[in-house]
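Source file work.txt; content: compact mmCIF, C-alpha atoms.
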# COMPACT_ATOMS: atom_id res chain seq x y z
CA MET A 1 81.74 -65.67 -102.57
CA LYS A 2 80.10 -67.23 -99.49
CA LYS A 3 83.22 -66.38 -97.46
CA ILE A 4 83.04 -62.73 -98.48
CA ILE A 5 79.35 -62.51 -97.56
CA ALA A 6 79.99 -64.26 -94.23
CA ILE A 7 82.86 -61.89 -93.39
CA PHE A 8 80.75 -58.87 -94.36
CA LEU A 9 77.81 -60.02 -92.20
CA PHE A 10 80.07 -60.79 -89.24
CA SER A 11 81.82 -57.40 -89.41
CA SER A 12 78.48 -55.60 -89.83
CA LEU A 13 77.03 -57.31 -86.77
CA LEU A 14 80.16 -56.59 -84.76
CA SER A 15 80.18 -52.88 -85.70
CA CYS A 16 76.45 -52.52 -84.96
CA SER A 17 76.80 -54.07 -81.52
CA MET A 18 79.75 -51.81 -80.71
CA GLN A 19 77.83 -48.70 -81.76
CA GLU A 20 74.94 -49.57 -79.48
CA GLU A 21 77.17 -49.88 -76.42
CA TYR A 22 79.56 -46.99 -77.02
CA VAL A 23 78.02 -43.54 -77.28
CA THR A 24 80.38 -40.62 -77.92
CA CYS A 25 80.09 -36.85 -77.79
CA GLU A 26 82.09 -33.91 -79.09
CA ASN A 27 83.02 -31.94 -75.94
CA GLY A 28 83.21 -32.41 -72.19
CA TYR A 29 85.00 -35.18 -70.38
CA GLY A 30 84.55 -38.23 -68.20
CA TYR A 31 82.33 -41.28 -68.51
CA LEU A 32 78.70 -41.88 -67.59
CA TYR A 33 77.08 -45.31 -67.45
CA LYS A 34 73.36 -45.66 -68.12
CA ASN A 35 71.53 -48.92 -68.85
CA ASP A 36 74.80 -50.73 -69.65
CA LYS A 37 75.83 -48.01 -72.11
CA GLU A 38 79.01 -45.98 -71.77
CA ILE A 39 78.47 -42.34 -72.63
CA VAL A 40 81.81 -40.69 -73.25
CA CYS A 41 82.56 -37.10 -72.14
CA PRO A 42 79.10 -35.92 -71.03
CA PHE A 43 80.36 -33.88 -68.05
CA TYR A 44 81.13 -30.17 -68.00
CA ILE A 45 82.47 -28.35 -64.95
CA GLN A 46 80.73 -25.00 -64.51
CA LYS A 47 82.17 -22.07 -62.62
CA GLY A 48 80.22 -19.09 -61.35
CA ILE A 49 81.20 -15.62 -62.45
CA ALA A 50 79.77 -12.37 -61.13
CA ILE A 51 78.51 -9.87 -63.68
CA THR A 52 76.88 -6.48 -63.28
CA ASP A 53 74.05 -5.67 -65.64
CA SER A 54 73.29 -2.23 -67.12
CA ASN A 55 71.18 -1.36 -64.02
CA GLY A 56 74.10 -2.01 -61.68
CA ILE A 57 72.60 -5.26 -60.35
CA LYS A 58 75.09 -8.03 -59.66
CA LYS A 59 74.19 -11.48 -60.98
CA ASN A 60 75.90 -14.83 -60.82
CA LEU A 61 76.26 -16.56 -64.18
CA TRP A 62 77.46 -20.16 -64.57
CA ILE A 63 79.72 -20.89 -67.54
CA ASP A 64 81.39 -24.06 -68.80
CA TYR A 65 84.90 -23.96 -67.38
CA GLU A 66 87.85 -25.36 -69.29
CA GLY A 67 90.70 -24.41 -66.94
CA GLY A 68 92.15 -26.45 -64.13
CA VAL A 69 89.92 -26.70 -61.08
CA THR A 70 91.00 -25.45 -57.67
CA VAL A 71 91.68 -28.37 -55.35
CA LEU A 72 91.36 -27.88 -51.59
CA ASP A 73 94.62 -28.62 -49.80
CA SER A 74 94.93 -31.62 -47.50
CA ASN A 75 95.63 -29.21 -44.57
CA VAL A 76 92.23 -27.48 -44.62
CA ASP A 77 89.61 -28.12 -41.96
CA GLU A 78 87.05 -30.90 -42.60
CA TYR A 79 84.25 -28.33 -42.97
CA PHE A 80 86.23 -25.72 -44.92
CA PRO A 81 83.68 -25.71 -47.81
CA LEU A 82 80.99 -24.41 -45.42
CA LYS A 83 82.90 -21.10 -45.38
CA ARG A 84 83.32 -21.01 -49.17
CA ARG A 85 79.79 -21.09 -50.60
CA ASN A 86 80.40 -18.27 -53.09
CA SER A 87 84.11 -18.82 -53.61
CA PRO A 88 86.08 -19.67 -56.75
CA TYR A 89 86.41 -23.21 -55.34
CA THR A 90 82.69 -23.86 -55.88
CA TYR A 91 81.62 -25.70 -59.04
CA LYS A 92 78.49 -27.13 -60.63
CA ILE A 93 78.42 -30.09 -62.97
CA LYS A 94 76.48 -30.15 -66.22
CA ILE A 95 75.57 -33.28 -68.17
CA SER A 96 74.92 -32.86 -71.87
CA GLY A 97 73.71 -35.75 -73.98
CA LEU A 98 71.47 -37.04 -76.70
CA LYS A 99 67.75 -36.80 -76.04
CA LYS A 100 67.21 -40.44 -76.98
CA TYR A 101 69.31 -41.51 -73.95
CA PHE A 102 68.01 -38.92 -71.46
CA THR A 103 64.23 -38.78 -71.16
CA GLU A 104 63.57 -38.04 -67.46
CA GLU A 105 63.22 -34.66 -65.73
CA GLN A 106 65.96 -35.59 -63.25
CA TYR A 107 68.50 -38.33 -62.62
CA THR A 108 70.34 -39.54 -59.55
CA VAL A 109 73.98 -40.23 -60.33
CA ASN A 110 76.71 -41.79 -58.22
CA LEU A 111 79.75 -39.70 -59.14
CA TRP A 112 83.44 -40.17 -58.33
CA THR A 113 86.87 -39.30 -59.67
CA ALA A 114 89.23 -41.91 -61.07
CA ASP A 115 92.87 -41.98 -62.17
CA ASP A 116 94.28 -42.88 -65.60
CA ASN A 117 93.74 -46.59 -64.84
CA PHE A 118 90.09 -45.90 -63.89
CA ARG A 119 90.68 -46.72 -60.22
CA ALA A 120 88.50 -44.65 -57.90
CA CYS A 121 90.38 -41.85 -56.13
CA GLY A 122 87.89 -41.64 -53.28
CA GLU A 123 84.33 -42.34 -52.25
CA SER A 124 81.45 -41.74 -54.65
CA ARG A 125 78.87 -39.05 -53.95
CA GLU A 126 75.22 -39.10 -54.95
CA PHE A 127 74.17 -36.10 -57.05
CA THR A 128 70.74 -35.28 -58.42
CA PHE A 129 70.83 -33.72 -61.87
CA TYR A 130 67.93 -31.53 -63.01
CA LYS A 131 66.89 -30.92 -66.61
CA VAL A 132 67.46 -27.28 -67.56
CA ALA A 133 67.56 -27.20 -71.37
CA GLU A 134 66.34 -29.23 -74.30
CA SER A 135 66.75 -28.94 -78.06
CA ILE A 136 65.64 -31.11 -80.96
CA ASP A 137 68.14 -33.87 -80.25
CA SER A 138 70.02 -32.95 -77.04
CA VAL A 139 69.31 -32.23 -73.41
CA GLU A 140 71.21 -30.63 -70.50
CA TYR A 141 71.10 -31.32 -66.77
CA VAL A 142 72.83 -29.51 -63.88
CA SER A 143 73.77 -30.60 -60.38
CA ARG A 144 72.35 -27.44 -58.82
CA ARG A 145 69.26 -25.54 -59.94
CA ASN A 146 67.87 -22.66 -57.90
CA ARG A 147 67.93 -24.03 -54.34
CA ASP A 148 67.89 -27.72 -55.31
CA GLY A 149 70.94 -29.94 -55.66
CA GLN A 150 74.57 -29.77 -54.69
CA TYR A 151 77.62 -27.75 -55.55
CA LEU A 152 80.93 -29.53 -55.97
CA PHE A 153 84.33 -29.04 -54.35
CA PHE A 154 87.50 -30.97 -55.19
CA ALA A 155 89.96 -31.89 -52.42
CA GLN A 156 93.21 -33.77 -51.86
CA LYS A 157 91.59 -35.76 -49.04
CA GLU A 158 88.26 -37.34 -48.17
CA MET A 159 85.99 -34.73 -46.62
CA PRO A 160 82.41 -34.88 -45.39
CA SER A 161 79.63 -33.50 -47.56
CA TYR A 162 76.72 -31.35 -46.47
CA ASP A 163 73.17 -30.84 -47.74
CA TRP A 164 74.15 -28.21 -50.36
CA TYR A 165 77.58 -29.52 -51.43
CA HIS A 166 79.67 -32.64 -52.05
CA VAL A 167 83.44 -33.01 -51.95
CA LEU A 168 85.21 -35.37 -54.35
CA LYS A 169 88.72 -36.52 -53.57
CA VAL A 170 91.03 -36.20 -56.57
CA CYS A 171 94.03 -38.29 -57.57
CA ASP A 172 97.55 -36.90 -57.55
CA LYS A 173 97.68 -36.72 -61.33
CA ARG A 174 95.02 -36.26 -63.99
CA GLN A 175 91.55 -37.47 -63.03
CA TYR A 176 88.31 -38.35 -64.74
CA LEU A 177 84.75 -37.85 -63.57
CA ILE A 178 82.90 -41.13 -63.69
CA GLY A 179 79.21 -41.46 -62.99
CA GLU A 180 76.60 -44.16 -62.91
CA ILE A 181 72.91 -43.37 -63.17
CA LYS A 182 70.90 -45.07 -60.45
CA GLU A 183 67.86 -46.84 -61.84

Please lay out the structure from this file as structure tokens.
Amino acid sequence: MKKIIAIFLFSSLLSCSMQEEYVTCENGYGYLYKNDKEIVCPFYIQKGIAITDSNGIKKNLWIDYEGGVTVLDSNVDEYFPLKRRNSPYTYKIKISGLKKYFTEEQYTVNLWTADDNFRACGESREFTFYKVAESIDSVEYVSRRNRDGQYLFFAQKEMPSYDWYHVLKVCDKRQYLIGEIKE
């Protein structure tokens, strides 16, 4: 009987400690590290679409994008993104997570892409994420709000970033977004 109780206590402690360090979500992709916790799939790529309202006014709406992203070719000029501010190559990143883990109005995140073995594909870039929505138990942040923050481009090579955008180098095959919140 003592063995059964000991095994039960040990397995309960082990499962509790694993739950505290491993936080999952239902949608999105990638990994975000905050206070030694791994938050799985908090990232959403957002793509801008142009819509015309009933008054004939064009507006840009950002939606969660599930298709493959456009990757800038290795032959493009170093400052090619400067010419493509409103192009289909331009993305925003959204973070969605549980309110108990995200309590600040904004976070600074070092973000990079990694391959299947979680090796970095290129240099990390520092993004500021701004809170844009909150519900009873969840919260959303975006990498660009109004005139603040950065857009994102993906490229086959390392490219310089500018004040309004960052470029992340992608791997040849499938890649993951990995971020670490700066404390």

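The space between CA of Ala133 (chain A) and CA of Leu98 (chain A) spans 11.9 Å.
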
Against region 32-46 of chain A, which residues of region 67-96 of chain A fall within 9 Å? For each one I want the closest pair of atoms and the distance in Å (one decimal), counting all atoms listed in the file, rows by chain and increasing residue number, as JSON lines.
{"residue": "A:Val69", "atom": "CA", "partner": "A:Ile45", "partner_atom": "CA", "distance": 8.6}
{"residue": "A:Thr90", "atom": "CA", "partner": "A:Gln46", "partner_atom": "CA", "distance": 8.9}
{"residue": "A:Tyr91", "atom": "CA", "partner": "A:Gln46", "partner_atom": "CA", "distance": 5.6}
{"residue": "A:Lys92", "atom": "CA", "partner": "A:Gln46", "partner_atom": "CA", "distance": 5.0}
{"residue": "A:Ile93", "atom": "CA", "partner": "A:Ile45", "partner_atom": "CA", "distance": 4.8}
{"residue": "A:Lys94", "atom": "CA", "partner": "A:Tyr44", "partner_atom": "CA", "distance": 5.0}
{"residue": "A:Ile95", "atom": "CA", "partner": "A:Phe43", "partner_atom": "CA", "distance": 4.8}
{"residue": "A:Ser96", "atom": "CA", "partner": "A:Pro42", "partner_atom": "CA", "distance": 5.2}

How big is the axis-aligned box around the listed atoms of region 36-45 of chain A once 4 Å is added on each side, and where is its centre? Give both in Å to one decimal, as AutoDock Vina command-line options.
--center_x 78.7 --center_y -39.5 --center_z -69.1 --size_x 15.8 --size_y 30.4 --size_z 16.3

Please measure the separation of CA of Arg125 (chain A) and CA of Ala155 (chain A), giving the value in Å to one decimal.
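Between CA of Arg125 (chain A) and CA of Ala155 (chain A) the gap works out to 13.3 Å.
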
Pick out the residues sitting within 9 Å of region 109-111 of chain A, and hand them over as number ranges by chain; count all atoms listed in the file, and ignore anything fewer than 2 positions along from it in its own chain.
A: 32, 107, 113, 123-129, 168, 177-182

May I ask which of the residues A:Gln106, A:Gln156, A:Ser143, A:Gln150 is the closest one to Gly122 (chain A), counting only C-alpha atoms?
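Among A:Gln106, A:Gln156, A:Ser143, A:Gln150, it is A:Gln156 that comes nearest to Gly122 (chain A).
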
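For the atom pair formed by CA of Tyr130 (chain A) and CA of Arg85 (chain A), the distance is 20.1 Å, given to one decimal.
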
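For Ser161 (chain A), the set of protein, DNA and RNA residues having any atom at most 10 Å away, when counting only C-alpha atoms and skipping those fewer than 3 positions along the same chain, is Glu78, Tyr79, Pro81, Leu82, Arg125, Gln150, Leu152, Phe153, Glu158, Trp164, Tyr165, His166, Val167 and Leu168 of chain A.
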
Considering all atoms listed in the file, state which residue in the set A:Gly67, A:Val132, A:Gly48, A:Glu140 is at the smallest distance from Tyr101 (chain A).
A:Glu140

Env of Cys171 (chain A): 7 Å cut, atoms = all atoms listed in the file, seq-sep filter 4 positions within chain, self excluded. Answer as a ChimeraX atom specification.
/A:114-115,121,175

Phe80 (chain A) environment, 10 Å, only C-alpha atoms, sequence neighbours closer than 6 positions dropped, as number ranges by chain:
A: 72, 159-160

With N, CA and C atoms retained, output region 28-58 of chain A as a compact mmCIF listing (two decimals), in the first residue's frame.
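In the end it all went to part_9.txt:
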# COMPACT_ATOMS: atom_id res chain seq x y z
N GLY A 28 -2.29 28.69 -34.02
CA GLY A 28 -1.03 29.39 -34.16
C GLY A 28 0.13 28.43 -34.33
N TYR A 29 1.35 28.97 -34.24
CA TYR A 29 2.52 28.12 -34.35
C TYR A 29 3.72 28.80 -33.72
N GLY A 30 4.79 28.05 -33.58
CA GLY A 30 6.02 28.57 -33.02
C GLY A 30 6.09 28.37 -31.52
N TYR A 31 7.13 28.97 -30.93
CA TYR A 31 7.39 28.83 -29.50
C TYR A 31 7.82 30.18 -28.95
N LEU A 32 7.32 30.49 -27.76
CA LEU A 32 7.67 31.74 -27.08
C LEU A 32 8.09 31.38 -25.67
N TYR A 33 9.21 31.95 -25.25
CA TYR A 33 9.74 31.68 -23.90
C TYR A 33 9.56 32.92 -23.05
N LYS A 34 8.94 32.72 -21.88
CA LYS A 34 8.70 33.82 -20.95
C LYS A 34 8.87 33.28 -19.53
N ASN A 35 9.78 33.88 -18.78
CA ASN A 35 10.02 33.46 -17.38
C ASN A 35 10.22 31.95 -17.26
N ASP A 36 11.08 31.40 -18.10
CA ASP A 36 11.40 29.97 -18.10
C ASP A 36 10.21 29.08 -18.42
N LYS A 37 9.19 29.62 -19.04
CA LYS A 37 8.05 28.82 -19.49
C LYS A 37 8.06 28.79 -21.01
N GLU A 38 7.71 27.65 -21.58
CA GLU A 38 7.59 27.51 -23.02
C GLU A 38 6.12 27.59 -23.38
N ILE A 39 5.77 28.59 -24.15
CA ILE A 39 4.39 28.77 -24.59
C ILE A 39 4.35 28.30 -26.04
N VAL A 40 3.58 27.27 -26.30
CA VAL A 40 3.56 26.63 -27.61
C VAL A 40 2.51 27.28 -28.50
N CYS A 41 2.89 27.56 -29.71
CA CYS A 41 2.06 28.11 -30.81
C CYS A 41 1.30 29.39 -30.47
N PRO A 42 1.98 30.42 -29.97
CA PRO A 42 1.29 31.68 -29.69
C PRO A 42 1.28 32.65 -30.88
N PHE A 43 2.08 32.35 -31.93
CA PHE A 43 2.26 33.30 -33.03
C PHE A 43 1.27 33.08 -34.16
N TYR A 44 0.79 34.19 -34.70
CA TYR A 44 -0.06 34.18 -35.89
C TYR A 44 0.54 35.18 -36.86
N ILE A 45 0.70 34.78 -38.10
CA ILE A 45 1.12 35.71 -39.15
C ILE A 45 -0.14 36.40 -39.64
N GLN A 46 -0.08 37.72 -39.77
CA GLN A 46 -1.22 38.47 -40.28
C GLN A 46 -0.84 39.13 -41.60
N LYS A 47 -1.78 39.09 -42.52
CA LYS A 47 -1.58 39.66 -43.84
C LYS A 47 -2.63 40.74 -44.06
N GLY A 48 -2.22 41.84 -44.66
CA GLY A 48 -3.14 42.93 -44.93
C GLY A 48 -3.94 42.68 -46.20
N ILE A 49 -5.22 42.96 -46.12
CA ILE A 49 -6.06 42.89 -47.32
C ILE A 49 -6.78 44.23 -47.45
N ALA A 50 -6.96 44.66 -48.69
CA ALA A 50 -7.66 45.92 -48.94
C ALA A 50 -9.13 45.64 -49.16
N ILE A 51 -9.97 46.39 -48.46
CA ILE A 51 -11.42 46.27 -48.65
C ILE A 51 -11.98 47.66 -48.93
N THR A 52 -13.10 47.69 -49.59
CA THR A 52 -13.79 48.95 -49.86
C THR A 52 -15.12 48.90 -49.13
N ASP A 53 -15.36 49.89 -48.29
CA ASP A 53 -16.61 49.89 -47.53
C ASP A 53 -17.76 50.40 -48.40
N SER A 54 -18.94 50.48 -47.83
CA SER A 54 -20.14 50.87 -48.58
C SER A 54 -20.07 52.30 -49.10
N ASN A 55 -19.19 53.13 -48.52
CA ASN A 55 -19.03 54.52 -48.98
C ASN A 55 -17.94 54.66 -50.03
N GLY A 56 -17.36 53.53 -50.44
CA GLY A 56 -16.31 53.57 -51.46
C GLY A 56 -14.93 53.91 -50.91
N ILE A 57 -14.78 53.87 -49.59
CA ILE A 57 -13.49 54.19 -48.96
C ILE A 57 -12.69 52.90 -48.79
N LYS A 58 -11.45 52.94 -49.28
CA LYS A 58 -10.59 51.77 -49.15
C LYS A 58 -9.96 51.73 -47.76
